[in-house]
Amino acid sequence: MMVVVAAVLMGVAVWMVIPPALSRHQERRLPVWSVLPAAVVVAWLVFGVGGLVWAVMATAVGGTVFIVVRRQRRRVQSLKGGQDVARATRALAGRISVGEIPSMALEHVADDVDVLGGARRAQAVGASVPDALMATARQPGMAGLAPLAHAWQLATTTGAPLAPAATLVAEGTARRARLDATLDSELAAARASGRIMGLLPFVGLLMGHLVGAHPTAFLTTTWLGRGCLVSATLLACLGVLWSESLADRVAREALP
């Protein structure tokens, strides 16, 4: 019976890993998670129930760490993008306000701020600067370039002065960058609390060993202990992800 179950699980894992037939023009690329079912089944077949328990726990912890780190990197990238946009719009508005031609101001500011590099390249080849700004605005944290693109398009079409609109855009992006940084610092404590709560089960194990209870033997050698170990690991990972999701939802609702 065990052999039949193992064979079925291995077949399901292989079916999930192997993608459907692709045409010659399609790129063959597998997602990272696609190898996890096969890895769990292999761990069970090679190391038995103990290997299955550790494989499930490692998958849960590794997936949680991966998700948390990826979200953290996205937040850092978004904050940096907002700060770069604020610096670029402030410098651009300052140059235009003192009478510099917008095209020349763009050339000079793009030398110092990379976010305007696409607009400068578009201007160099005669393409649309507003379209290039809108394309850059779709990147994380750089939505503040969209009003600048609209103002640039309006100035190009109607001949209206760009300086007043650029100044308003610079003030708005600077204010948004400050709010983003403040909100991120305020939510940092909540995120840290959720991550610390996910580590408390390990503290409980350490305390159990200190008092001579030897919880590791119960958790790794008995069926009930293994069930408790896997359940506790999954619940701790879900708790960390839940706290991260709550903080992300607060951030979205506070600054949409």
# chains A, B, ... in the order shown; residues from 1 in each chain; ligands from 1
>>> residues_around(residues="range 58-60 of chain A", least_positions_apart="3", cutoff="7 Å", atoms="only C-alpha atoms", output="list of chain:residue names")
A:Trp54, A:Ala55, A:Gly63, A:Thr64, A:Leu234, A:Cys237
>>> closest_atom_pairs(of="range 53-77 of chain A", to="range 127-151 of chain A", cutoff="12 Å", atoms="only C-alpha atoms", output="JSON lines")
{"residue": "A:Arg73", "atom": "CA", "partner": "A:Pro140", "partner_atom": "CA", "distance": 11.0}
{"residue": "A:Arg74", "atom": "CA", "partner": "A:Pro140", "partner_atom": "CA", "distance": 7.7}
{"residue": "A:Arg75", "atom": "CA", "partner": "A:Pro140", "partner_atom": "CA", "distance": 8.6}
{"residue": "A:Val76", "atom": "CA", "partner": "A:Gly141", "partner_atom": "CA", "distance": 9.4}
{"residue": "A:Gln77", "atom": "CA", "partner": "A:Pro140", "partner_atom": "CA", "distance": 6.8}
>>> residues_around(residues="range 208-220 of chain A", least_positions_apart="3", cutoff="10 Å", atoms="only C-alpha atoms", output="number ranges by chain")
A: 49-50, 53-54, 202-205, 223-230
>>> write_last_selection(atoms="N, CA, C and O atoms", output="JSON list (two decimals), in the first residue's frame")
[["chain", "number", "residue", "atom", "x", "y", "z"],
["A", 49, "VAL", "N", 9.43, 8.83, 6.84],
["A", 49, "VAL", "CA", 8.52, 9.83, 7.38],
["A", 49, "VAL", "C", 9.29, 11.00, 7.97],
["A", 49, "VAL", "O", 8.88, 12.16, 7.85],
["A", 50, "GLY", "N", 10.42, 10.72, 8.61],
["A", 50, "GLY", "CA", 11.23, 11.80, 9.15],
["A", 50, "GLY", "C", 11.70, 12.76, 8.08],
["A", 50, "GLY", "O", 11.67, 13.99, 8.26],
["A", 53, "VAL", "N", 8.77, 14.94, 7.02],
["A", 53, "VAL", "CA", 8.49, 16.02, 7.98],
["A", 53, "VAL", "C", 9.48, 17.17, 7.80],
["A", 53, "VAL", "O", 9.08, 18.34, 7.73],
["A", 54, "TRP", "N", 10.75, 16.85, 7.72],
["A", 54, "TRP", "CA", 11.75, 17.91, 7.57],
["A", 54, "TRP", "C", 11.64, 18.61, 6.22],
["A", 54, "TRP", "O", 11.90, 19.82, 6.12],
["A", 202, "PHE", "N", 10.86, 28.39, 18.56],
["A", 202, "PHE", "CA", 12.23, 27.95, 18.81],
["A", 202, "PHE", "C", 12.68, 28.31, 20.23],
["A", 202, "PHE", "O", 13.42, 27.57, 20.86],
["A", 203, "VAL", "N", 12.22, 29.45, 20.70],
["A", 203, "VAL", "CA", 12.52, 29.84, 22.08],
["A", 203, "VAL", "C", 11.87, 28.86, 23.06],
["A", 203, "VAL", "O", 12.47, 28.47, 24.08],
["A", 204, "GLY", "N", 10.65, 28.41, 22.74],
["A", 204, "GLY", "CA", 10.00, 27.42, 23.59],
["A", 204, "GLY", "C", 10.76, 26.10, 23.62],
["A", 204, "GLY", "O", 10.88, 25.48, 24.69],
["A", 205, "LEU", "N", 11.29, 25.67, 22.48],
["A", 205, "LEU", "CA", 12.10, 24.46, 22.46],
["A", 205, "LEU", "C", 13.35, 24.61, 23.31],
["A", 205, "LEU", "O", 13.74, 23.69, 24.05],
["A", 223, "TRP", "N", 4.57, 10.00, 16.31],
["A", 223, "TRP", "CA", 3.65, 10.53, 15.31],
["A", 223, "TRP", "C", 2.98, 11.81, 15.80],
["A", 223, "TRP", "O", 2.83, 12.77, 15.04],
["A", 224, "LEU", "N", 2.57, 11.80, 17.05],
["A", 224, "LEU", "CA", 1.94, 13.00, 17.59],
["A", 224, "LEU", "C", 2.91, 14.16, 17.63],
["A", 224, "LEU", "O", 2.55, 15.29, 17.28],
["A", 225, "GLY", "N", 4.14, 13.88, 18.00],
["A", 225, "GLY", "CA", 5.14, 14.95, 18.03],
["A", 225, "GLY", "C", 5.43, 15.50, 16.65],
["A", 225, "GLY", "O", 5.57, 16.72, 16.47],
["A", 226, "ARG", "N", 5.53, 14.62, 15.67],
["A", 226, "ARG", "CA", 5.78, 15.09, 14.30],
["A", 226, "ARG", "C", 4.62, 15.93, 13.79],
["A", 226, "ARG", "O", 4.82, 16.95, 13.12],
["A", 227, "GLY", "N", 3.40, 15.49, 14.12],
["A", 227, "GLY", "CA", 2.25, 16.30, 13.72],
["A", 227, "GLY", "C", 2.26, 17.66, 14.37],
["A", 227, "GLY", "O", 1.97, 18.68, 13.71],
["A", 228, "CYS", "N", 2.61, 17.70, 15.65],
["A", 228, "CYS", "CA", 2.70, 19.00, 16.34],
["A", 228, "CYS", "C", 3.81, 19.86, 15.74],
["A", 228, "CYS", "O", 3.64, 21.08, 15.59],
["A", 229, "LEU", "N", 4.92, 19.23, 15.39],
["A", 229, "LEU", "CA", 6.04, 19.99, 14.84],
["A", 229, "LEU", "C", 5.69, 20.61, 13.50],
["A", 229, "LEU", "O", 5.93, 21.81, 13.26],
["A", 230, "VAL", "N", 5.08, 19.81, 12.61],
["A", 230, "VAL", "CA", 4.70, 20.34, 11.30],
["A", 230, "VAL", "C", 3.61, 21.40, 11.44],
["A", 230, "VAL", "O", 3.66, 22.47, 10.80]]
>>> residues_around(residues="Gly172 in chain A", least_positions_apart="2", cutoff="10 Å", atoms="only C-alpha atoms", output="list in words")
Ala86, Thr89, Arg90, Gly144, Pro147, Ala166, Thr167, Leu168, Val169, Ala170, Ala174, Arg175, Arg176 and Ala177 of chain A
>>> select_by_dssp(residues="range 30-214 of chain A", states="alpha helix (DSSP H)", output="PyMOL selection string")
chain A and resi 36-97+102-112+117-124+129-137+145-158+163-210
>>> atom_distance(atom1="CA of Arg252 in chain A", atom2="CA of Leu235 in chain A")
25.3 Å
>>> residues_around(residues="Ala163 in chain A", least_positions_apart="5", cutoff="7 Å", atoms="only C-alpha atoms", output="ChimeraX atom specification")
/A:93,96-97
>>> write_last_selection(atoms="all heavy atoms", output="tab-separated table (two decimals), in the first residue's frame")
chain	number	residue	atom	x	y	z
A	93	ALA	N	12.49	71.18	-12.13
A	93	ALA	CA	11.66	72.37	-11.92
A	93	ALA	C	12.53	73.58	-11.60
A	93	ALA	O	12.23	74.70	-12.04
A	93	ALA	CB	10.67	72.11	-10.78
A	96	ILE	N	14.08	74.83	-14.93
A	96	ILE	CA	13.10	75.45	-15.82
A	96	ILE	C	12.60	76.77	-15.25
A	96	ILE	O	12.34	77.73	-15.99
A	96	ILE	CB	11.94	74.47	-16.07
A	96	ILE	CG1	12.45	73.22	-16.80
A	96	ILE	CG2	10.83	75.13	-16.88
A	96	ILE	CD1	11.40	72.16	-17.00
A	97	SER	N	12.48	76.85	-13.92
A	97	SER	CA	11.97	78.07	-13.29
A	97	SER	C	12.90	79.25	-13.48
A	97	SER	O	12.45	80.41	-13.49
A	97	SER	CB	11.74	77.83	-11.79
A	97	SER	OG	10.76	76.83	-11.60
>>> atom_distance(atom1="CA of Asp180 in chain A", atom2="CA of Gln72 in chain A")
14.1 Å
